[in-house]
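Coordinates from final_14.pdb are shown below (PDB, C-alpha atoms, pLDDT in the B column).
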ATOM      1  CA  MET A   1      -2.380 -24.423  39.006  1.00 45.00           C
ATOM      2  CA  SER A   2      -5.600 -22.458  38.580  1.00 48.00           C
ATOM      3  CA  GLU A   3      -3.945 -19.304  39.950  1.00 51.00           C
ATOM      4  CA  MET A   4      -1.039 -19.760  37.520  1.00 45.00           C
ATOM      5  CA  MET A   5      -3.449 -20.172  34.600  1.00 45.00           C
ATOM      6  CA  ALA A   6      -5.364 -17.071  35.691  1.00 49.00           C
ATOM      7  CA  ALA A   7      -2.138 -15.068  35.920  1.00 47.00           C
ATOM      8  CA  MET A   8      -1.120 -16.254  32.466  1.00 42.00           C
ATOM      9  CA  GLY A   9      -4.542 -15.299  31.168  1.00 46.00           C
ATOM     10  CA  ARG A  10      -4.256 -11.794  32.619  1.00 46.00           C
ATOM     11  CA  ALA A  11      -0.755 -11.400  31.165  1.00 42.00           C
ATOM     12  CA  LEU A  12      -1.947 -12.577  27.756  1.00 40.00           C
ATOM     13  CA  GLY A  13      -4.904 -10.195  27.909  1.00 43.00           C
ATOM     14  CA  ALA A  14      -2.610  -7.287  28.766  1.00 40.00           C
ATOM     15  CA  LEU A  15      -0.325  -8.199  25.878  1.00 34.00           C
ATOM     16  CA  VAL A  16      -3.228  -8.357  23.418  1.00 36.00           C
ATOM     17  CA  LEU A  17      -4.512  -4.983  24.668  1.00 36.00           C
ATOM     18  CA  ALA A  18      -1.045  -3.421  24.348  1.00 36.00           C
ATOM     19  CA  LEU A  19      -0.670  -4.730  20.809  1.00 35.00           C
ATOM     20  CA  ALA A  20      -4.142  -3.484  19.886  1.00 38.00           C
ATOM     21  CA  LEU A  21      -3.462  -0.048  21.301  1.00 35.00           C
ATOM     22  CA  GLY A  22      -0.105   0.070  19.570  1.00 40.00           C
ATOM     23  CA  ALA A  23      -1.654  -0.879  16.237  1.00 39.00           C
ATOM     24  CA  SER A  24      -4.395   1.710  16.740  1.00 38.00           C
ATOM     25  CA  ALA A  25      -1.833   4.424  17.553  1.00 38.00           C
ATOM     26  CA  ALA A  26       0.254   3.490  14.519  1.00 36.00           C
ATOM     27  CA  ARG A  27      -2.799   3.675  12.297  1.00 38.00           C
ATOM     28  CA  ALA A  28      -3.869   7.025  13.787  1.00 39.00           C
ATOM     29  CA  GLU A  29      -0.453   8.454  12.913  1.00 49.00           C
ATOM     30  CA  GLY A  30      -0.731   7.166   9.347  1.00 63.00           C
ATOM     31  CA  VAL A  31      -1.753   8.983   6.230  1.00 75.00           C
ATOM     32  CA  GLY A  32      -3.981   8.115   3.331  1.00 81.00           C
ATOM     33  CA  ALA A  33      -6.617   5.469   3.837  1.00 83.00           C
ATOM     34  CA  CYS A  34      -5.821   4.914   7.526  1.00 84.00           C
ATOM     35  CA  ALA A  35      -6.311   8.603   8.302  1.00 86.00           C
ATOM     36  CA  VAL A  36      -9.745   8.348   6.666  1.00 89.00           C
ATOM     37  CA  LEU A  37     -10.593   5.189   8.642  1.00 88.00           C
ATOM     38  CA  ASP A  38      -9.732   6.994  11.874  1.00 89.00           C
ATOM     39  CA  SER A  39     -11.761  10.073  10.955  1.00 93.00           C
ATOM     40  CA  PRO A  40     -14.885  10.748  13.048  1.00 95.00           C
ATOM     41  CA  PHE A  41     -16.598  11.840   9.815  1.00 96.00           C
ATOM     42  CA  GLY A  42     -18.058   9.688   7.076  1.00 95.00           C
ATOM     43  CA  LEU A  43     -17.654  10.593   3.419  1.00 95.00           C
ATOM     44  CA  ASP A  44     -21.415  11.191   3.159  1.00 96.00           C
ATOM     45  CA  GLU A  45     -21.173  13.843   5.898  1.00 97.00           C
ATOM     46  CA  ILE A  46     -18.330  15.580   4.108  1.00 97.00           C
ATOM     47  CA  VAL A  47     -20.216  15.559   0.800  1.00 97.00           C
ATOM     48  CA  GLY A  48     -23.171  17.100   2.664  1.00 97.00           C
ATOM     49  CA  LYS A  49     -20.899  19.865   3.991  1.00 97.00           C
ATOM     50  CA  ALA A  50     -19.578  20.514   0.487  1.00 97.00           C
ATOM     51  CA  LEU A  51     -23.058  20.768  -1.050  1.00 97.00           C
ATOM     52  CA  ALA A  52     -24.133  23.153   1.728  1.00 97.00           C
ATOM     53  CA  GLU A  53     -21.295  25.467   0.685  1.00 96.00           C
ATOM     54  CA  GLU A  54     -21.482  24.874  -3.068  1.00 96.00           C
ATOM     55  CA  PRO A  55     -24.987  23.655  -4.085  1.00 97.00           C
ATOM     56  CA  GLY A  56     -24.825  21.310  -7.020  1.00 97.00           C
ATOM     57  CA  THR A  57     -24.115  17.736  -8.048  1.00 97.00           C
ATOM     58  CA  PRO A  58     -21.161  15.856  -6.544  1.00 97.00           C
ATOM     59  CA  LEU A  59     -18.910  14.494  -9.296  1.00 95.00           C
ATOM     60  CA  LYS A  60     -16.413  12.623  -7.141  1.00 93.00           C
ATOM     61  CA  ALA A  61     -15.447  12.367  -3.494  1.00 94.00           C
ATOM     62  CA  GLY A  62     -12.654  10.721  -1.580  1.00 92.00           C
ATOM     63  CA  PHE A  63      -9.403  11.813  -0.028  1.00 91.00           C
ATOM     64  CA  SER A  64      -6.086  13.290  -1.079  1.00 90.00           C
ATOM     65  CA  VAL A  65      -2.659  13.339   0.553  1.00 89.00           C
ATOM     66  CA  LYS A  66      -1.017  16.743   0.310  1.00 89.00           C
ATOM     67  CA  ARG A  67       2.449  17.957   1.153  1.00 86.00           C
ATOM     68  CA  ALA A  68       2.405  20.814   3.658  1.00 88.00           C
ATOM     69  CA  ALA A  69       4.916  23.678   3.770  1.00 83.00           C
ATOM     70  CA  ALA A  70       6.828  22.019   6.620  1.00 82.00           C
ATOM     71  CA  GLY A  71       7.238  18.886   4.525  1.00 82.00           C
ATOM     72  CA  GLU A  72       4.846  16.562   6.332  1.00 87.00           C
ATOM     73  CA  ARG A  73       2.022  14.803   4.487  1.00 87.00           C
ATOM     74  CA  VAL A  74      -1.560  15.733   5.347  1.00 91.00           C
ATOM     75  CA  THR A  75      -4.640  13.682   4.481  1.00 92.00           C
ATOM     76  CA  LEU A  76      -7.762  15.612   3.507  1.00 94.00           C
ATOM     77  CA  PHE A  77     -11.224  14.762   2.237  1.00 95.00           C
ATOM     78  CA  LYS A  78     -11.729  15.985  -1.335  1.00 95.00           C
ATOM     79  CA  VAL A  79     -15.075  16.674  -3.040  1.00 96.00           C
ATOM     80  CA  LYS A  80     -15.565  17.864  -6.607  1.00 95.00           C
ATOM     81  CA  VAL A  81     -18.918  19.500  -7.345  1.00 96.00           C
ATOM     82  CA  LYS A  82     -20.696  20.599 -10.506  1.00 96.00           C
ATOM     83  CA  LYS A  83     -22.262  23.815  -9.226  1.00 96.00           C
ATOM     84  CA  ASP A  84     -25.899  24.694  -9.866  1.00 96.00           C
ATOM     85  CA  ALA A  85     -24.731  28.240 -10.597  1.00 93.00           C
ATOM     86  CA  GLY A  86     -22.381  26.966 -13.284  1.00 93.00           C
ATOM     87  CA  GLY A  87     -18.797  25.772 -13.260  1.00 93.00           C
ATOM     88  CA  ARG A  88     -17.122  23.351 -10.913  1.00 94.00           C
ATOM     89  CA  ALA A  89     -15.695  23.554  -7.428  1.00 95.00           C
ATOM     90  CA  LEU A  90     -13.070  21.525  -5.588  1.00 95.00           C
ATOM     91  CA  LEU A  91     -13.402  21.491  -1.796  1.00 96.00           C
ATOM     92  CA  PHE A  92     -11.102  20.009   0.859  1.00 97.00           C
ATOM     93  CA  TYR A  93     -11.888  19.143   4.478  1.00 97.00           C
ATOM     94  CA  ASP A  94      -9.765  18.186   7.469  1.00 96.00           C
ATOM     95  CA  THR A  95     -10.194  14.491   8.320  1.00 95.00           C
ATOM     96  CA  GLU A  96      -9.964  15.161  12.087  1.00 94.00           C
ATOM     97  CA  THR A  97     -12.095  18.280  12.513  1.00 95.00           C
ATOM     98  CA  GLY A  98     -14.249  18.283   9.383  1.00 96.00           C
ATOM     99  CA  ASP A  99     -13.333  21.944   8.837  1.00 97.00           C
ATOM    100  CA  ARG A 100     -12.948  23.345   5.326  1.00 97.00           C
ATOM    101  CA  VAL A 101      -9.327  23.707   4.216  1.00 96.00           C
ATOM    102  CA  LEU A 102      -8.876  26.635   1.834  1.00 95.00           C
ATOM    103  CA  PRO A 103      -6.059  26.831  -0.713  1.00 94.00           C
ATOM    104  CA  VAL A 104      -2.988  28.751   0.446  1.00 94.00           C
ATOM    105  CA  GLN A 105      -2.841  31.925  -1.628  1.00 93.00           C
ATOM    106  CA  PRO A 106       0.463  33.194  -3.076  1.00 96.00           C
ATOM    107  CA  THR A 107       1.887  36.342  -1.515  1.00 97.00           C
ATOM    108  CA  LEU A 108       4.583  36.781  -4.160  1.00 97.00           C
ATOM    109  CA  SER A 109       3.868  37.963  -7.675  1.00 97.00           C
ATOM    110  CA  LEU A 110       5.348  36.323 -10.752  1.00 97.00           C
ATOM    111  CA  LEU A 111       7.821  39.196 -11.171  1.00 97.00           C
ATOM    112  CA  GLU A 112       8.937  39.021  -7.529  1.00 98.00           C
ATOM    113  CA  ALA A 113       9.508  35.285  -7.863  1.00 98.00           C
ATOM    114  CA  TYR A 114      11.291  35.924 -11.183  1.00 98.00           C
ATOM    115  CA  ASP A 115      13.790  38.249  -9.488  1.00 98.00           C
ATOM    116  CA  LEU A 116      14.435  35.767  -6.676  1.00 98.00           C
ATOM    117  CA  ALA A 117      14.995  32.921  -9.138  1.00 97.00           C
ATOM    118  CA  VAL A 118      17.433  34.901 -11.288  1.00 97.00           C
ATOM    119  CA  ALA A 119      19.356  36.108  -8.238  1.00 97.00           C
ATOM    120  CA  ALA A 120      19.656  32.540  -6.935  1.00 96.00           C
ATOM    121  CA  VAL A 121      20.892  31.189 -10.276  1.00 95.00           C
ATOM    122  CA  GLU A 122      23.431  33.983 -10.715  1.00 96.00           C
ATOM    123  CA  SER A 123      24.641  33.554  -7.143  1.00 96.00           C
ATOM    124  CA  ASP A 124      25.058  29.824  -7.704  1.00 93.00           C
ATOM    125  CA  ALA A 125      26.967  30.447 -10.956  1.00 93.00           C
ATOM    126  CA  ALA A 126      28.971  33.332  -9.449  1.00 95.00           C
ATOM    127  CA  ASP A 127      28.227  35.341 -12.594  1.00 95.00           C
ATOM    128  CA  THR A 128      25.515  37.542 -14.094  1.00 95.00           C
ATOM    129  CA  GLY A 129      23.516  37.154 -17.260  1.00 95.00           C
ATOM    130  CA  ALA A 130      20.955  34.473 -16.403  1.00 96.00           C
ATOM    131  CA  VAL A 131      18.001  34.401 -18.818  1.00 96.00           C
ATOM    132  CA  VAL A 132      14.540  33.139 -17.886  1.00 96.00           C
ATOM    133  CA  LEU A 133      13.083  30.946 -20.653  1.00 96.00           C
ATOM    134  CA  LYS A 134       9.685  30.350 -19.078  1.00 96.00           C
ATOM    135  CA  GLY A 135       7.942  30.583 -15.748  1.00 96.00           C
ATOM    136  CA  ALA A 136       4.514  29.922 -14.287  1.00 95.00           C
ATOM    137  CA  LEU A 137       2.607  29.624 -11.043  1.00 94.00           C
ATOM    138  CA  ARG A 138       1.921  26.032 -10.030  1.00 92.00           C
ATOM    139  CA  ARG A 139      -1.238  25.836  -7.972  1.00 90.00           C
ATOM    140  CA  ARG A 140      -0.953  23.489  -5.021  1.00 89.00           C
ATOM    141  CA  LEU A 141      -3.449  23.397  -2.163  1.00 92.00           C
ATOM    142  CA  LEU A 142      -0.907  23.925   0.627  1.00 93.00           C
ATOM    143  CA  THR A 143       2.329  24.689  -1.239  1.00 93.00           C
ATOM    144  CA  PRO A 144       1.815  27.005  -4.236  1.00 94.00           C
ATOM    145  CA  HIS A 145       5.062  27.778  -6.037  1.00 95.00           C
ATOM    146  CA  TYR A 146       6.514  29.271  -9.195  1.00 96.00           C
ATOM    147  CA  GLY A 147       8.534  27.120 -11.565  1.00 95.00           C
ATOM    148  CA  PHE A 148      11.168  28.661 -13.847  1.00 96.00           C
ATOM    149  CA  ALA A 149      13.382  27.279 -16.593  1.00 95.00           C
ATOM    150  CA  ILE A 150      16.501  29.440 -16.681  1.00 96.00           C
ATOM    151  CA  ALA A 151      19.663  29.495 -18.800  1.00 94.00           C
ATOM    152  CA  ASP A 152      22.505  30.357 -16.456  1.00 92.00           C
ATOM    153  CA  PRO A 153      25.482  32.532 -17.588  1.00 92.00           C
ATOM    154  CA  ALA A 154      27.222  29.427 -18.973  1.00 91.00           C
ATOM    155  CA  ARG A 155      24.070  28.559 -21.012  1.00 89.00           C
ATOM    156  CA  ILE A 156      23.352  25.548 -18.827  1.00 90.00           C
ATOM    157  CA  LEU A 157      19.661  24.832 -18.269  1.00 92.00           C
ATOM    158  CA  THR A 158      18.649  25.276 -14.648  1.00 93.00           C
ATOM    159  CA  PHE A 159      15.252  24.870 -13.017  1.00 94.00           C
ATOM    160  CA  ALA A 160      14.222  27.054 -10.112  1.00 95.00           C
ATOM    161  CA  ARG A 161      11.282  26.461  -7.787  1.00 95.00           C
ATOM    162  CA  VAL A 162      10.241  29.505  -5.774  1.00 97.00           C
ATOM    163  CA  ASP A 163       7.864  29.112  -2.839  1.00 96.00           C
ATOM    164  CA  ALA A 164       4.993  31.512  -3.583  1.00 97.00           C
ATOM    165  CA  VAL A 165       4.623  32.392   0.111  1.00 96.00           C
ATOM    166  CA  SER A 166       8.071  32.290   1.722  1.00 96.00           C
ATOM    167  CA  GLY A 167      10.152  33.083  -1.367  1.00 97.00           C
ATOM    168  CA  GLU A 168      12.469  30.133  -0.714  1.00 96.00           C
ATOM    169  CA  VAL A 169      14.295  29.094  -3.897  1.00 96.00           C
ATOM    170  CA  ARG A 170      15.353  25.574  -4.810  1.00 94.00           C
ATOM    171  CA  LEU A 171      17.568  24.950  -7.831  1.00 94.00           C
ATOM    172  CA  GLY A 172      17.906  21.829  -9.950  1.00 88.00           C
ATOM    173  CA  ASP A 173      19.063  20.772 -13.393  1.00 70.00           C
ATOM    174  CA  GLY A 174      17.759  18.492 -16.120  1.00 57.00           C
ATOM    175  CA  GLU A 175      19.290  15.430 -14.456  1.00 53.00           C
ATOM    176  CA  ASP A 176      17.312  16.194 -11.298  1.00 54.00           C
ATOM    177  CA  LEU A 177      14.080  16.188 -13.310  1.00 53.00           C
ATOM    178  CA  VAL A 178      14.911  12.869 -14.980  1.00 49.00           C
ATOM    179  CA  GLU A 179      15.817  11.333 -11.609  1.00 49.00           C
ATOM    180  CA  HIS A 180      12.561  12.618 -10.117  1.00 48.00           C
ATOM    181  CA  ALA A 181      10.536  11.140 -13.006  1.00 50.00           C
ATOM    182  CA  VAL A 182      12.267   7.769 -12.647  1.00 51.00           C
ATOM    183  CA  LYS A 183      11.707   7.703  -8.882  1.00 54.00           C
ATOM    184  CA  LYS A 184       8.037   8.592  -9.410  1.00 55.00           C
ATOM    185  CA  ARG A 185       7.571   5.656 -11.813  1.00 61.00           C
ATOM    186  CA  LEU A 186       9.362   3.278  -9.449  1.00 60.00           C
ATOM    187  CA  LYS A 187       7.213   4.431  -6.508  1.00 57.00           C
ATOM    188  CA  LYS A 188       4.085   3.830  -8.587  1.00 58.00           C
ATOM    189  CA  LYS A 189       5.207   0.264  -9.391  1.00 60.00           C
ATOM    190  CA  LEU A 190       6.093  -0.327  -5.747  1.00 57.00           C
ATOM    191  CA  ARG A 191       2.674   0.857  -4.579  1.00 57.00           C
ATOM    192  CA  ARG A 192       1.028  -1.529  -7.048  1.00 57.00           C
ATOM    193  CA  LYS A 193       3.090  -4.474  -5.756  1.00 56.00           C
ATOM    194  CA  ARG A 194       2.261  -3.532  -2.166  1.00 53.00           C
ATOM    195  CA  ARG A 195      -1.434  -3.543  -2.956  1.00 53.00           C
ATOM    196  CA  VAL A 196      -1.185  -7.063  -4.368  1.00 49.00           C
ATOM    197  CA  ARG A 197       0.734  -8.205  -1.270  1.00 50.00           C
ATOM    198  CA  ARG A 198      -1.874  -6.663   1.016  1.00 50.00           C
ATOM    199  CA  LEU A 199      -4.671  -8.528  -0.759  1.00 51.00           C
ATOM    200  CA  VAL A 200      -2.859 -11.768   0.082  1.00 52.00           C
ATOM    201  CA  SER A 201      -1.511 -10.943   3.535  1.00 54.00           C
ATOM    202  CA  GLY A 202      -4.270  -8.705   4.865  1.00 59.00           C
ATOM    203  CA  ASP A 203      -1.828  -5.922   5.780  1.00 58.00           C
ATOM    204  CA  PRO A 204      -3.508  -2.551   6.493  1.00 63.00           C
ATOM    205  CA  ILE A 205      -3.543   0.054   3.728  1.00 63.00           C
ATOM    206  CA  CYS A 206      -2.102   3.263   5.126  1.00 68.00           C
ATOM    207  CA  GLU A 207      -0.605   5.013   2.125  1.00 62.00           C
ATOM    208  CA  GLU A 208      -1.833   7.359  -0.551  1.00 59.00           C
ATOM    209  CA  ILE A 209      -3.921   5.541  -3.139  1.00 61.00           C
ATOM    210  CA  ASP A 210      -5.527   8.456  -4.970  1.00 57.00           C
ATOM    211  CA  PRO A 211      -4.004   9.770  -8.229  1.00 56.00           C
ATOM    212  CA  GLU A 212      -2.311  13.134  -8.623  1.00 55.00           C
ATOM    213  CA  ASP A 213      -4.640  16.105  -9.111  1.00 58.00           C
ATOM    214  CA  ASP A 214      -5.234  16.684 -12.804  1.00 64.00           C
ATOM    215  CA  ALA A 215      -4.828  20.011 -14.611  1.00 66.00           C
ATOM    216  CA  GLU A 216      -8.499  20.911 -14.168  1.00 71.00           C
ATOM    217  CA  ASP A 217      -8.326  20.308 -10.425  1.00 78.00           C
ATOM    218  CA  GLU A 218      -5.276  22.574 -10.213  1.00 74.00           C
ATOM    219  CA  GLU A 219      -7.167  25.353 -11.985  1.00 79.00           C
ATOM    220  CA  LEU A 220     -10.062  24.984  -9.528  1.00 84.00           C
ATOM    221  CA  LEU A 221      -7.721  26.075  -6.722  1.00 81.00           C
ATOM    222  CA  ASP A 222      -7.851  29.625  -8.068  1.00 69.00           C
ATOM    223  CA  PRO A 223      -9.824  31.971  -5.787  1.00 61.00           C
TER     224      PRO A 223
END

Written form, C-alpha coordinates:
Amino acid sequence: MSEMMAAMGRALGALVLALALGASAARAEGVGACAVLDSPFGLDEIVGKALAEEPGTPLKAGFSVKRAAAGERVTLFKVKVKKDAGGRALLFYDTETGDRVLPVQPTLSLLEAYDLAVAAVESDAADTGAVVLKGALRRRLLTPHYGFAIADPARILTFARVDAVSGEVRLGDGEDLVEHAVKKRLKKKLRRKRRVRRLVSGDPICEEIDPEDDAEDEELLDP
(Lines of atoms letter the chains of each structure in order from A and count residues from 1; the text may use other names and numbers.)
(Lines give C-alpha, C1' and ligand atoms only; values in the text may rest on other atoms or scores of the structure.)
Protein backbone atom coordinates (compact mmCIF):
# COMPACT_ATOMS: atom_id res chain seq x y z
CA MET A 1 0.00 0.00 0.00
CA SER A 2 2.81 2.38 0.91
CA GLU A 3 4.54 1.74 -2.43
CA MET A 4 1.27 2.43 -4.27
CA MET A 5 0.80 5.69 -2.37
CA ALA A 6 4.39 6.70 -3.13
CA ALA A 7 3.89 5.95 -6.82
CA MET A 8 0.70 7.99 -6.84
CA GLY A 9 2.53 10.81 -5.11
CA ARG A 10 5.30 10.77 -7.72
CA ALA A 11 2.75 10.72 -10.54
CA LEU A 12 0.85 13.62 -8.99
CA GLY A 13 4.08 15.57 -8.54
CA ALA A 14 5.01 15.00 -12.18
CA LEU A 15 1.57 16.16 -13.27
CA VAL A 16 1.79 19.33 -11.18
CA LEU A 17 5.27 20.05 -12.58
CA ALA A 18 4.06 19.50 -16.16
CA LEU A 19 1.12 21.82 -15.63
CA ALA A 20 3.36 24.46 -14.06
CA LEU A 21 5.85 24.27 -16.90
CA GLY A 22 3.05 24.41 -19.44
CA ALA A 23 1.54 27.47 -17.78
CA SER A 24 4.96 29.11 -17.62
CA ALA A 25 5.60 28.40 -21.32
CA ALA A 26 2.17 29.76 -22.26
CA ARG A 27 2.82 32.92 -20.29
CA ALA A 28 6.30 33.34 -21.82
CA GLU A 29 4.74 33.22 -25.28
CA GLY A 30 2.16 35.84 -24.31
CA VAL A 31 2.15 39.53 -24.96
CA GLY A 32 1.31 42.54 -22.86
CA ALA A 33 1.48 42.20 -19.11
CA CYS A 34 2.70 38.59 -19.17
CA ALA A 35 5.66 39.50 -21.37
CA VAL A 36 6.58 42.16 -18.80
CA LEU A 37 6.21 39.68 -15.91
CA ASP A 38 8.59 37.30 -17.68
CA SER A 39 11.13 40.02 -18.42
CA PRO A 40 14.47 39.78 -16.59
CA PHE A 41 14.36 43.58 -16.24
CA GLY A 42 12.38 45.67 -13.79
CA LEU A 43 10.70 48.90 -14.84
CA ASP A 44 13.08 50.86 -12.58
CA GLU A 45 16.06 49.45 -14.51
CA ILE A 46 14.52 50.44 -17.82
CA VAL A 47 13.77 53.96 -16.57
CA GLY A 48 17.43 54.17 -15.48
CA LYS A 49 18.54 53.16 -18.99
CA ALA A 50 16.27 55.80 -20.51
CA LEU A 51 17.58 58.58 -18.25
CA ALA A 52 21.17 57.58 -19.06
CA GLU A 53 20.39 58.16 -22.74
CA GLU A 54 18.08 61.16 -22.32
CA PRO A 55 18.79 62.97 -19.00
CA GLY A 56 15.66 64.49 -17.58
CA THR A 57 12.50 63.75 -15.62
CA PRO A 58 10.49 60.60 -16.36
CA LEU A 59 6.86 61.49 -17.11
CA LYS A 60 5.46 57.99 -17.51
CA ALA A 61 6.75 54.45 -17.89
CA GLY A 62 5.19 51.11 -18.67
CA PHE A 63 4.84 48.91 -21.70
CA SER A 64 3.27 48.99 -25.14
CA VAL A 65 2.23 46.26 -27.56
CA LYS A 66 3.24 47.06 -31.12
CA ARG A 67 2.46 45.41 -34.41
CA ALA A 68 5.60 44.39 -36.29
CA ALA A 69 5.97 44.34 -40.09
CA ALA A 70 5.42 40.57 -40.19
CA GLY A 71 2.13 41.00 -38.36
CA GLU A 72 3.06 39.59 -34.97
CA ARG A 73 2.60 41.62 -31.79
CA VAL A 74 5.68 42.69 -29.85
CA THR A 75 5.72 43.90 -26.25
CA LEU A 76 8.16 46.69 -25.40
CA PHE A 77 8.92 48.84 -22.38
CA LYS A 78 8.01 52.48 -23.00
CA VAL A 79 9.42 55.51 -21.16
CA LYS A 80 8.47 59.14 -21.76
CA VAL A 81 10.99 61.71 -20.54
CA LYS A 82 10.95 65.48 -20.15
CA LYS A 83 14.51 66.23 -21.24
CA ASP A 84 16.78 68.56 -19.28
CA ALA A 85 17.88 70.01 -22.62
CA GLY A 86 14.29 70.84 -23.50
CA GLY A 87 11.52 68.93 -25.22
CA ARG A 88 10.37 65.40 -24.64
CA ALA A 89 11.58 61.98 -25.68
CA LEU A 90 9.84 58.63 -26.07
CA LEU A 91 12.08 55.58 -25.68
CA PHE A 92 11.31 51.88 -26.19
CA TYR A 93 13.21 48.85 -24.90
CA ASP A 94 13.04 45.14 -25.64
CA THR A 95 11.49 43.23 -22.72
CA GLU A 96 13.83 40.23 -23.22
CA THR A 97 17.19 41.89 -23.86
CA GLY A 98 16.71 45.38 -22.44
CA ASP A 99 18.13 46.82 -25.67
CA ARG A 100 16.85 50.12 -27.05
CA VAL A 101 14.39 49.73 -29.93
CA LEU A 102 14.62 52.62 -32.38
CA PRO A 103 11.73 53.69 -34.61
CA VAL A 104 11.78 52.19 -38.11
CA GLN A 105 12.51 55.04 -40.51
CA PRO A 106 10.60 55.39 -43.80
CA THR A 107 12.56 54.67 -46.97
CA LEU A 108 9.84 55.96 -49.29
CA SER A 109 9.05 59.63 -49.73
CA LEU A 110 5.52 61.00 -49.75
CA LEU A 111 5.63 61.41 -53.54
CA GLU A 112 6.88 57.85 -54.08
CA ALA A 113 4.08 56.52 -51.89
CA TYR A 114 1.64 58.81 -53.72
CA ASP A 115 2.55 57.24 -57.07
CA LEU A 116 2.20 53.71 -55.70
CA ALA A 117 -1.20 54.49 -54.20
CA VAL A 118 -2.56 56.04 -57.40
CA ALA A 119 -1.26 53.16 -59.51
CA ALA A 120 -2.90 50.63 -57.18
CA VAL A 121 -6.26 52.42 -57.23
CA GLU A 122 -6.24 52.80 -61.01
CA SER A 123 -5.25 49.17 -61.45
CA ASP A 124 -8.07 48.09 -59.16
CA ALA A 125 -10.56 50.27 -61.07
CA ALA A 126 -9.12 49.27 -64.47
CA ASP A 127 -9.19 52.94 -65.45
CA THR A 128 -7.11 56.10 -65.11
CA GLY A 129 -7.93 59.42 -63.52
CA ALA A 130 -7.63 58.74 -59.79
CA VAL A 131 -7.31 61.93 -57.71
CA VAL A 132 -5.59 62.08 -54.33
CA LEU A 133 -7.61 64.17 -51.85
CA LYS A 134 -5.16 64.00 -48.95
CA GLY A 135 -2.20 62.01 -47.76
CA ALA A 136 0.15 61.92 -44.80
CA LEU A 137 2.83 59.87 -43.11
CA ARG A 138 1.58 57.97 -40.08
CA ARG A 139 4.40 57.45 -37.61
CA ARG A 140 4.41 53.99 -36.07
CA LEU A 141 7.35 52.58 -34.13
CA LEU A 142 7.74 49.41 -36.21
CA THR A 143 5.33 49.95 -39.12
CA PRO A 144 5.41 53.52 -40.48
CA HIS A 145 3.04 54.00 -43.40
CA TYR A 146 1.39 56.61 -45.59
CA GLY A 147 -2.37 56.98 -45.61
CA PHE A 148 -4.19 58.40 -48.65
CA ALA A 149 -7.80 59.29 -49.36
CA ILE A 150 -8.31 58.91 -53.10
CA ALA A 151 -11.25 59.43 -55.47
CA ASP A 152 -11.07 56.64 -58.02
CA PRO A 153 -12.06 57.19 -61.70
CA ALA A 154 -15.71 56.50 -60.82
CA ARG A 155 -15.55 59.15 -58.03
CA ILE A 156 -15.79 56.50 -55.34
CA LEU A 157 -13.81 57.26 -52.18
CA THR A 158 -10.98 54.80 -51.65
CA PHE A 159 -8.39 54.66 -48.88
CA ALA A 160 -4.88 53.45 -49.57
CA ARG A 161 -2.29 52.47 -46.98
CA VAL A 162 1.27 52.33 -48.30
CA ASP A 163 3.99 50.69 -46.22
CA ALA A 164 6.70 53.36 -45.88
CA VAL A 165 9.47 50.74 -46.10
CA SER A 166 8.31 47.97 -48.43
CA GLY A 167 5.92 50.00 -50.58
CA GLU A 168 3.14 47.43 -50.15
CA VAL A 169 -0.28 48.97 -50.84
CA ARG A 170 -3.53 48.01 -49.16
CA LEU A 171 -6.83 49.41 -50.41
CA GLY A 172 -10.09 49.89 -48.54
CA ASP A 173 -13.28 51.92 -48.75
CA GLY A 174 -15.42 53.88 -46.32
CA GLU A 175 -17.26 50.74 -45.21
CA ASP A 176 -13.93 49.18 -44.22
CA LEU A 177 -13.19 52.16 -41.98
CA VAL A 178 -16.60 52.00 -40.31
CA GLU A 179 -16.22 48.24 -39.77
CA HIS A 180 -12.75 48.78 -38.29
CA ALA A 181 -14.08 51.47 -35.91
CA VAL A 182 -16.93 49.22 -34.78
CA LYS A 183 -14.59 46.28 -34.20
CA LYS A 184 -12.24 48.53 -32.22
CA ARG A 185 -15.08 49.64 -29.92
CA LEU A 186 -16.27 46.06 -29.45
CA LYS A 187 -12.72 44.89 -28.62
CA LYS A 188 -12.44 47.67 -26.04
CA LYS A 189 -15.70 46.57 -24.37
CA LEU A 190 -14.58 42.94 -24.46
CA ARG A 191 -11.26 43.79 -22.81
CA ARG A 192 -13.12 45.63 -20.05
CA LYS A 193 -15.40 42.63 -19.42
CA ARG A 194 -12.38 40.31 -19.36
CA ARG A 195 -10.71 42.46 -16.74
CA VAL A 196 -13.77 42.24 -14.51
CA ARG A 197 -13.88 38.45 -14.97
CA ARG A 198 -10.19 38.16 -14.11
CA LEU A 199 -10.70 40.08 -10.87
CA VAL A 200 -13.26 37.45 -9.87
CA SER A 201 -11.64 34.32 -11.29
CA GLY A 202 -7.97 35.15 -10.84
CA ASP A 203 -7.16 34.43 -14.49
CA PRO A 204 -3.75 35.75 -15.63
CA ILE A 205 -3.65 39.05 -17.52
CA CYS A 206 -1.75 38.48 -20.75
CA GLU A 207 -3.18 41.04 -23.15
CA GLU A 208 -2.50 44.64 -24.00
CA ILE A 209 -3.83 46.98 -21.33
CA ASP A 210 -2.13 50.23 -22.29
CA PRO A 211 -3.98 52.83 -24.41
CA GLU A 212 -3.11 53.72 -27.98
CA ASP A 213 -0.22 56.17 -28.42
CA ASP A 214 -1.55 59.72 -28.53
CA ALA A 215 -0.73 62.30 -31.21
CA GLU A 216 2.16 63.74 -29.20
CA ASP A 217 3.74 60.31 -28.77
CA GLU A 218 3.49 59.75 -32.53
CA GLU A 219 5.31 63.02 -33.18
CA LEU A 220 8.08 61.99 -30.77
CA LEU A 221 8.94 59.11 -33.11
CA ASP A 222 10.45 61.60 -35.55
CA PRO A 223 14.26 61.35 -35.70

A:Asp217 surroundings by all atoms listed in the file, 12 Å radius, close-in-sequence under 4 positions cut, as a list in words: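 Result of the neighbour search: Lys60, Ser64, Lys78, Val79, Lys80, Val81, Arg88, Ala89, Leu90, Leu91, Phe92, Pro103, Arg138, Arg139, Arg140, Leu141, Pro211, Glu212, Asp213, Leu221 and Asp222 of chain A.
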
Residue with smallest distance to A:Leu102 - pool A:Leu76, A:Arg161, A:Ala136, A:Leu59, counting all atoms listed in the file: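 Between A:Leu76, A:Arg161, A:Ala136, A:Leu59, the residue approaching A:Leu102 most closely is A:Leu76.
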
Top pick for closest residue to A:Ala117, considering A:Leu51, A:Ile46, A:Ala160, A:Val104 and counting only C-alpha atoms: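 Checking each candidate against A:Ala117, we get A:Ala160 as the closest.
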
Distance criterion (only C-alpha atoms): nearest to A:Ser109 out of A:Ala164, A:Leu157, A:Ala85, A:Ala130: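 For A:Ser109, the nearest of the candidates is A:Ala164.
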
Atom pair atom CA of A:Gly98 / atom CA of A:Val165: separation (Å): 25.3 Å
